[in-house]
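Asker: File target_31.txt below, compact mmCIF, C-alpha atoms:
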```
# COMPACT_ATOMS: atom_id res chain seq x y z
CA MET A 1 -12.98 -6.51 27.32
CA THR A 2 -11.40 -3.87 25.10
CA GLU A 3 -12.84 -3.73 21.60
CA ARG A 4 -10.40 -4.70 18.88
CA LYS A 5 -9.32 -1.96 16.52
CA LYS A 6 -10.48 -2.03 12.90
CA ALA A 7 -8.53 -1.65 9.66
CA LEU A 8 -8.98 -1.84 5.90
CA VAL A 9 -6.15 -2.93 3.62
CA THR A 10 -6.58 -2.52 -0.13
CA GLY A 11 -4.62 -4.90 -2.29
CA GLY A 12 -4.44 -7.06 0.81
CA ALA A 13 -4.18 -10.50 -0.74
CA THR A 14 -0.47 -10.64 -1.55
CA GLY A 15 2.87 -8.89 -1.12
CA ILE A 16 2.94 -5.74 1.01
CA GLY A 17 -0.80 -5.89 1.51
CA LYS A 18 -0.67 -9.40 2.93
CA SER A 19 2.18 -8.48 5.28
CA ALA A 20 0.20 -5.43 6.43
CA VAL A 21 -2.90 -7.55 7.11
CA LEU A 22 -0.93 -10.00 9.23
CA ALA A 23 0.95 -7.26 11.08
CA LEU A 24 -2.36 -5.56 11.91
CA ALA A 25 -3.86 -8.87 13.05
CA LYS A 26 -0.88 -9.47 15.35
CA ALA A 27 -1.35 -5.97 16.77
CA GLY A 28 -4.97 -6.66 17.71
CA TYR A 29 -6.87 -5.36 14.69
CA ASP A 30 -9.80 -6.90 12.86
CA VAL A 31 -9.10 -6.44 9.17
CA ALA A 32 -11.13 -5.92 6.02
CA ILE A 33 -9.12 -7.34 3.13
CA ASN A 34 -9.77 -5.82 -0.28
CA TYR A 35 -8.71 -7.62 -3.45
CA ALA A 36 -9.41 -7.12 -7.14
CA SER A 37 -8.99 -10.61 -8.59
CA SER A 38 -6.82 -12.74 -6.27
CA GLN A 39 -9.66 -14.40 -4.40
CA ALA A 40 -7.81 -17.57 -3.41
CA ALA A 41 -4.83 -15.61 -2.14
CA ALA A 42 -7.13 -13.26 -0.24
CA GLN A 43 -8.88 -16.20 1.43
CA GLU A 44 -5.51 -17.64 2.45
CA THR A 45 -4.42 -14.30 3.90
CA ALA A 46 -7.71 -14.09 5.79
CA SER A 47 -7.17 -17.57 7.22
CA GLN A 48 -3.72 -16.62 8.45
CA ALA A 49 -5.07 -13.41 10.01
CA GLN A 50 -7.85 -15.36 11.73
CA ALA A 51 -5.24 -17.72 13.18
CA LEU A 52 -3.70 -14.63 14.79
CA GLY A 53 -7.03 -13.77 16.43
CA ALA A 54 -8.47 -11.30 13.91
CA LYS A 55 -11.96 -11.17 12.54
CA THR A 56 -11.73 -10.63 8.80
CA LEU A 57 -13.95 -9.36 6.03
CA LEU A 58 -13.14 -10.12 2.40
CA VAL A 59 -14.26 -7.45 -0.06
CA GLN A 60 -13.74 -7.74 -3.81
CA CYS A 61 -13.53 -4.31 -5.44
CA ASP A 62 -11.73 -2.55 -8.29
CA VAL A 63 -10.62 0.64 -6.54
CA SER A 64 -10.73 2.59 -9.80
CA ASN A 65 -14.54 2.27 -9.73
CA ASP A 66 -15.88 4.91 -7.34
CA ALA A 67 -19.34 3.35 -7.00
CA ALA A 68 -17.72 0.02 -6.10
CA VAL A 69 -15.41 1.75 -3.61
CA ARG A 70 -18.32 3.46 -1.88
CA ALA A 71 -20.22 0.17 -1.73
CA MET A 72 -17.12 -1.48 -0.25
CA LEU A 73 -16.86 1.13 2.50
CA ASP A 74 -20.58 0.80 3.22
CA GLN A 75 -19.98 -2.91 3.73
CA VAL A 76 -16.89 -2.36 5.87
CA GLY A 77 -18.66 0.29 7.93
CA ALA A 78 -21.69 -1.93 8.49
CA ALA A 79 -19.46 -4.79 9.67
CA PHE A 80 -16.96 -2.82 11.76
CA GLY A 81 -18.74 0.40 12.76
CA HIS A 82 -15.54 2.43 12.42
CA LEU A 83 -11.98 2.34 11.11
CA ASP A 84 -8.81 3.07 13.05
CA ALA A 85 -6.46 2.47 10.12
CA LEU A 86 -6.47 2.41 6.35
CA VAL A 87 -3.60 0.92 4.38
CA SER A 88 -4.13 2.10 0.81
CA ASN A 89 -1.94 -0.36 -1.02
CA ALA A 90 -3.82 -1.44 -4.17
CA GLY A 91 -1.68 -0.86 -7.23
CA THR A 92 -0.84 -1.94 -10.73
CA THR A 93 1.76 -1.24 -13.37
CA ALA A 94 2.26 -1.20 -17.13
CA THR A 95 4.59 -3.08 -19.45
CA TRP A 96 7.32 -1.44 -21.48
CA LYS A 97 10.82 -1.83 -22.86
CA VAL A 98 13.27 0.29 -20.87
CA LYS A 99 14.05 3.63 -22.56
CA ASP A 100 11.65 2.83 -25.43
CA LEU A 101 8.87 5.40 -25.08
CA GLU A 102 6.98 4.02 -28.07
CA SER A 103 6.59 0.67 -26.31
CA LEU A 104 4.11 2.17 -23.85
CA ASP A 105 0.43 1.33 -24.32
CA MET A 106 -1.54 4.44 -23.33
CA ASP A 107 -4.50 2.34 -22.24
CA GLU A 108 -2.13 0.75 -19.71
CA TRP A 109 -0.98 4.24 -18.73
CA ASP A 110 -4.58 5.26 -18.03
CA ARG A 111 -5.25 2.05 -16.11
CA THR A 112 -2.16 2.55 -13.93
CA PHE A 113 -3.23 6.07 -12.96
CA ALA A 114 -6.85 4.98 -12.48
CA VAL A 115 -5.82 2.40 -9.88
CA ASN A 116 -2.72 3.92 -8.28
CA VAL A 117 -3.84 7.55 -8.00
CA LYS A 118 -7.57 7.98 -8.59
CA GLY A 119 -8.32 4.70 -6.85
CA MET A 120 -6.25 5.67 -3.83
CA PHE A 121 -8.05 8.99 -3.54
CA GLN A 122 -11.46 7.34 -3.87
CA VAL A 123 -10.70 4.82 -1.14
CA VAL A 124 -9.42 7.49 1.26
CA ARG A 125 -12.39 9.75 0.53
CA ALA A 126 -14.93 6.99 1.15
CA SER A 127 -13.11 5.93 4.33
CA VAL A 128 -13.11 9.37 5.98
CA PRO A 129 -16.50 9.10 7.75
CA TRP A 130 -15.50 5.75 9.28
CA LEU A 131 -11.98 6.90 10.17
CA LYS A 132 -13.41 9.90 12.00
CA LYS A 133 -15.27 7.44 14.24
CA GLY A 134 -12.02 5.63 15.07
CA THR A 135 -9.33 6.26 17.66
CA ASN A 136 -6.21 8.14 16.50
CA PRO A 137 -7.08 7.26 12.89
CA SER A 138 -4.24 6.86 10.44
CA VAL A 139 -3.89 6.37 6.69
CA VAL A 140 -0.75 4.84 5.18
CA ASN A 141 -0.37 4.93 1.39
CA THR A 142 2.01 2.76 -0.60
CA ALA A 143 4.27 4.91 -2.75
CA SER A 144 7.64 3.78 -4.15
CA ILE A 145 11.22 4.90 -4.34
CA VAL A 146 10.68 5.43 -8.09
CA GLY A 147 8.20 8.15 -7.21
CA LEU A 148 11.13 10.05 -5.71
CA ARG A 149 13.99 9.29 -8.10
CA PRO A 150 14.44 7.82 -11.60
CA GLY A 151 14.54 4.08 -12.11
CA PRO A 152 13.94 1.40 -14.76
CA GLN A 153 10.28 0.92 -13.84
CA PRO A 154 7.62 1.78 -16.44
CA LEU A 155 7.03 5.51 -16.79
CA PRO A 156 3.33 5.44 -15.86
CA TYR A 157 4.12 3.47 -12.70
CA ALA A 158 6.87 5.86 -11.63
CA ALA A 159 4.78 8.92 -12.45
CA SER A 160 1.79 7.51 -10.58
CA LYS A 161 3.90 6.93 -7.49
CA ALA A 162 5.19 10.51 -7.69
CA ALA A 163 1.53 11.53 -7.71
CA VAL A 164 0.94 9.36 -4.63
CA VAL A 165 3.68 11.31 -2.83
CA ASN A 166 1.94 14.61 -3.58
CA LEU A 167 -1.50 13.16 -2.88
CA THR A 168 -0.32 11.97 0.53
CA LYS A 169 0.92 15.44 1.50
CA THR A 170 -2.20 17.14 0.17
CA LEU A 171 -4.53 14.72 1.95
CA ALA A 172 -2.60 15.25 5.19
CA TRP A 173 -3.24 18.98 4.90
CA ASN A 174 -6.93 18.45 4.13
CA LEU A 175 -7.68 15.78 6.74
CA GLY A 176 -5.73 17.11 9.71
CA PRO A 177 -6.09 17.33 12.62
CA ASP A 178 -8.58 14.45 12.71
CA ILE A 179 -6.74 11.96 10.47
CA ARG A 180 -3.02 11.51 9.89
CA VAL A 181 -1.90 10.57 6.36
CA ASN A 182 1.57 9.25 5.55
CA ALA A 183 3.18 7.06 2.92
CA VAL A 184 5.92 4.48 2.62
CA ALA A 185 8.30 4.33 -0.34
CA PRO A 186 9.92 0.90 -0.59
CA GLY A 187 13.09 0.38 -2.60
CA TRP A 188 13.79 -2.75 -4.59
CA MET A 189 11.71 -5.39 -2.82
CA GLU A 190 12.18 -9.13 -2.73
CA GLY A 191 9.30 -11.15 -4.16
CA ASP A 192 6.90 -11.60 -7.05
CA TRP A 193 6.60 -7.95 -8.10
CA MET A 194 10.32 -7.46 -8.79
CA GLN A 195 10.54 -10.94 -10.29
CA ARG A 196 8.00 -9.84 -12.88
CA MET A 197 9.87 -6.57 -13.45
CA LEU A 198 13.36 -8.09 -13.74
CA GLY A 199 12.56 -11.47 -15.26
CA ASP A 200 15.53 -13.83 -15.54
CA LYS A 201 17.85 -11.08 -14.28
CA TYR A 202 16.12 -11.02 -10.88
CA ASP A 203 18.69 -12.96 -8.84
CA ASP A 204 21.68 -11.18 -10.37
CA LEU A 205 20.31 -7.63 -10.13
CA MET A 206 18.79 -8.05 -6.68
CA GLY A 207 22.07 -9.51 -5.43
CA LYS A 208 24.03 -6.56 -6.82
CA ARG A 209 21.56 -4.08 -5.30
CA GLY A 210 21.87 -5.80 -1.93
CA LYS A 211 25.66 -5.52 -1.98
CA LEU A 212 25.41 -1.77 -2.67
CA THR A 213 22.95 -1.27 0.21
CA PRO A 214 24.38 -0.29 3.63
CA LEU A 215 22.22 -2.92 5.34
CA LYS A 216 23.38 -5.49 2.74
CA ARG A 217 20.03 -6.76 1.48
CA CYS A 218 16.92 -5.61 -0.33
CA VAL A 219 13.67 -4.74 1.40
CA THR A 220 10.98 -7.32 2.15
CA ALA A 221 7.23 -6.94 2.40
CA ASP A 222 7.50 -7.54 6.15
CA ASP A 223 9.96 -4.62 6.43
CA VAL A 224 7.38 -2.38 4.78
CA ALA A 225 4.57 -3.62 7.01
CA GLN A 226 6.68 -2.97 10.10
CA THR A 227 7.15 0.66 9.06
CA MET A 228 3.45 0.97 8.27
CA MET A 229 2.64 -0.23 11.78
CA SER A 230 4.98 2.33 13.32
CA LEU A 231 3.09 5.07 11.47
CA ILE A 232 -0.29 3.63 12.49
CA GLU A 233 0.40 2.77 16.13
CA GLY A 234 2.84 5.55 16.99
CA ASN A 235 4.25 8.75 15.51
CA ARG A 236 1.19 10.68 16.66
CA PHE A 237 2.68 14.01 15.55
CA VAL A 238 3.79 12.80 12.11
CA THR A 239 1.64 13.45 9.05
CA GLY A 240 2.29 14.24 5.40
CA GLU A 241 5.55 12.31 5.43
CA VAL A 242 6.97 9.72 3.01
CA ILE A 243 9.22 7.15 4.67
CA VAL A 244 11.82 5.56 2.39
CA ILE A 245 12.44 1.88 3.16
CA ASP A 246 15.51 0.78 1.22
CA GLY A 247 18.19 -0.09 3.75
CA GLY A 248 19.96 3.20 3.12
CA PHE A 249 20.56 2.67 -0.61
CA THR A 250 19.33 6.08 -1.80
CA ALA A 251 21.07 7.85 1.08
CA SER A 252 24.43 6.41 0.03
CA THR A 253 24.33 6.58 -3.77
```
Would you give me this structure, written as structure tokens?
Answerer:
Amino acid sequence: MTERKKALVTGGATGIGKSAVLALAKAGYDVAINYASSQAAAQETASQAQALGAKTLLVQCDVSNDAAVRAMLDQVGAAFGHLDALVSNAGTTATWKVKDLESLDMDEWDRTFAVNVKGMFQVVRASVPWLKKGTNPSVVNTASIVGLRPGPQPLPYAASKAAVVNLTKTLAWNLGPDIRVNAVAPGWMEGDWMQRMLGDKYDDLMGKRGKLTPLKRCVTADDVAQTMMSLIEGNRFVTGEVIVIDGGFTAST
């Protein structure tokens, strides 16, 4: 019997992370699911992955804490023995009033970079020894369209995602040829994250964005997970790339 592949998904309890966990489970992976605080949601995601045949491991860890990250990878390594895929998806954002620079809390700025950039690097770094034991190992980072072009999102979030774009390319250079490293950059995505960003304007603004998109809707978490899987399972000669997932919006505006 062929051994199931192994994966770690950070921020795997909800949203893109949850969709990635379930897509990996469907593809025959056992999955370690990292979460920071959403324990109940993580347990529900694990249950759904198990129903798809996956063995799961729940690991609570704040990815901005390097000691905790290294302990997490020790635990994952002990349970799985190797990693074939890492989806580095854990992220956070800050609050602000659009175009009001004084509304930014610099502690929130620091927290956003600590999770989105430093945390991503720490997770990849600690995963390298286990990825090198895997088969065709692949890392997929979650960036964002606002890391590539201006948008209404908080400045620290946008700047952190621009850093993720550069980090992805730099890691690809450093980790090749053993490990491929790519990123996805979703556009406006349906679900809780954009609901928090747009508030009571969510339905109106998402509807308008969908109408302006060639494929006539906004992206979903499952769309993102599908692209992640194409980078993990295929595209063996692709590394250091950032794949925009926005239905063609940025290509046509």
Asker: With all atoms listed in the file as the basis for distance, which of A:Val76, A:Ala68, A:Val117, A:Ala221 is at the shortest distance from Thr14 of chain A?
Answerer: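 Nearest candidate to Thr14 of chain A out of A:Val76, A:Ala68, A:Val117, A:Ala221: A:Ala221.
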Asker: I want to know what sits within 9 Å of segment 33-41 of chain A, based on only C-alpha atoms, with residues of the same chain fewer than 6 positions away left out; could you give that as a PDB file with C-alpha atoms, in the frame of the given file?
Answerer:
```pdb
ATOM      1  CA  ALA A   7      -8.530  -1.650   9.660  1.00  0.00           C
ATOM      2  CA  LEU A   8      -8.980  -1.840   5.900  1.00  0.00           C
ATOM      3  CA  VAL A   9      -6.150  -2.930   3.620  1.00  0.00           C
ATOM      4  CA  THR A  10      -6.580  -2.520  -0.130  1.00  0.00           C
ATOM      5  CA  GLY A  11      -4.620  -4.900  -2.290  1.00  0.00           C
ATOM      6  CA  GLY A  12      -4.440  -7.060   0.810  1.00  0.00           C
ATOM      7  CA  ALA A  13      -4.180 -10.500  -0.740  1.00  0.00           C
ATOM      8  CA  THR A  14      -0.470 -10.640  -1.550  1.00  0.00           C
ATOM      9  CA  GLY A  17      -0.800  -5.890   1.510  1.00  0.00           C
ATOM     10  CA  LYS A  18      -0.670  -9.400   2.930  1.00  0.00           C
ATOM     11  CA  VAL A  21      -2.900  -7.550   7.110  1.00  0.00           C
ATOM     12  CA  THR A  56     -11.730 -10.630   8.800  1.00  0.00           C
ATOM     13  CA  LEU A  57     -13.950  -9.360   6.030  1.00  0.00           C
ATOM     14  CA  LEU A  58     -13.140 -10.120   2.400  1.00  0.00           C
ATOM     15  CA  VAL A  59     -14.260  -7.450  -0.060  1.00  0.00           C
ATOM     16  CA  GLN A  60     -13.740  -7.740  -3.810  1.00  0.00           C
ATOM     17  CA  CYS A  61     -13.530  -4.310  -5.440  1.00  0.00           C
ATOM     18  CA  ASP A  62     -11.730  -2.550  -8.290  1.00  0.00           C
ATOM     19  CA  VAL A  63     -10.620   0.640  -6.540  1.00  0.00           C
ATOM     20  CA  MET A  72     -17.120  -1.480  -0.250  1.00  0.00           C
ATOM     21  CA  ALA A  90      -3.820  -1.440  -4.170  1.00  0.00           C
TER      22      ALA A  90
END
```
Asker: Please report the interatomic distance between atom CA of Lys97 of chain A and atom CA of Val184 of chain A in Å with one decimal.
Answerer: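 Value for the atom CA of Lys97 of chain A-atom CA of Val184 of chain A distance: 26.7 Å.
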Asker: Calculated over only C-alpha atoms, which of the candidates A:Ala114, A:Leu83, A:Val219, A:Leu231 has the smallest distance to Met189 of chain A?
Answerer: A:Val219
Asker: Could you check how far atom CA of Ala225 of chain A sits from atom CA of Val181 of chain A, in Å to one decimal?
Answerer: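 Going from atom CA of Ala225 of chain A over to atom CA of Val181 of chain A covers 15.6 Å.
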Asker: Taking all atoms listed in the file into account, which of A:Gln226, A:Tyr157, A:Ser47, A:Lys6 comes nearest Leu104 of chain A?
Answerer: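 For Leu104 of chain A, the nearest of the given residues is A:Tyr157.
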Asker: For Ala67 of chain A, find every residue with an atom within 12 Å (counting all atoms listed in the file), except residues of its own chain fewer than 6 positions away, and show them as JSON, numbers by chain.
Answerer: {"A": [61, 73, 74, 119, 122, 123, 126]}
Asker: Give the padded box for segment 106-111 of chain A as JSON: axis-aligned, covering all atoms listed in the file, 5 Å on each side, centre and edge lengths in Å to one decimal.
Answerer:
```
{"center_x": -3.1, "center_y": 3.0, "center_z": -19.7, "size_x": 14.3, "size_y": 14.5, "size_z": 17.2}
```
Asker: Can you work out the spacing between atom CA of Arg180 of chain A and atom CA of Val244 of chain A in Å, to one decimal?
Answerer: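 Taking atom CA of Arg180 of chain A as the start and atom CA of Val244 of chain A as the end point, the length is 17.7 Å.
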Asker: Looking at A:Gln75, A:Asn141, A:Thr220, A:Asn116, which one is nearest to Ala158 of chain A, with distances taken over all atoms listed in the file?
Answerer: A:Asn116
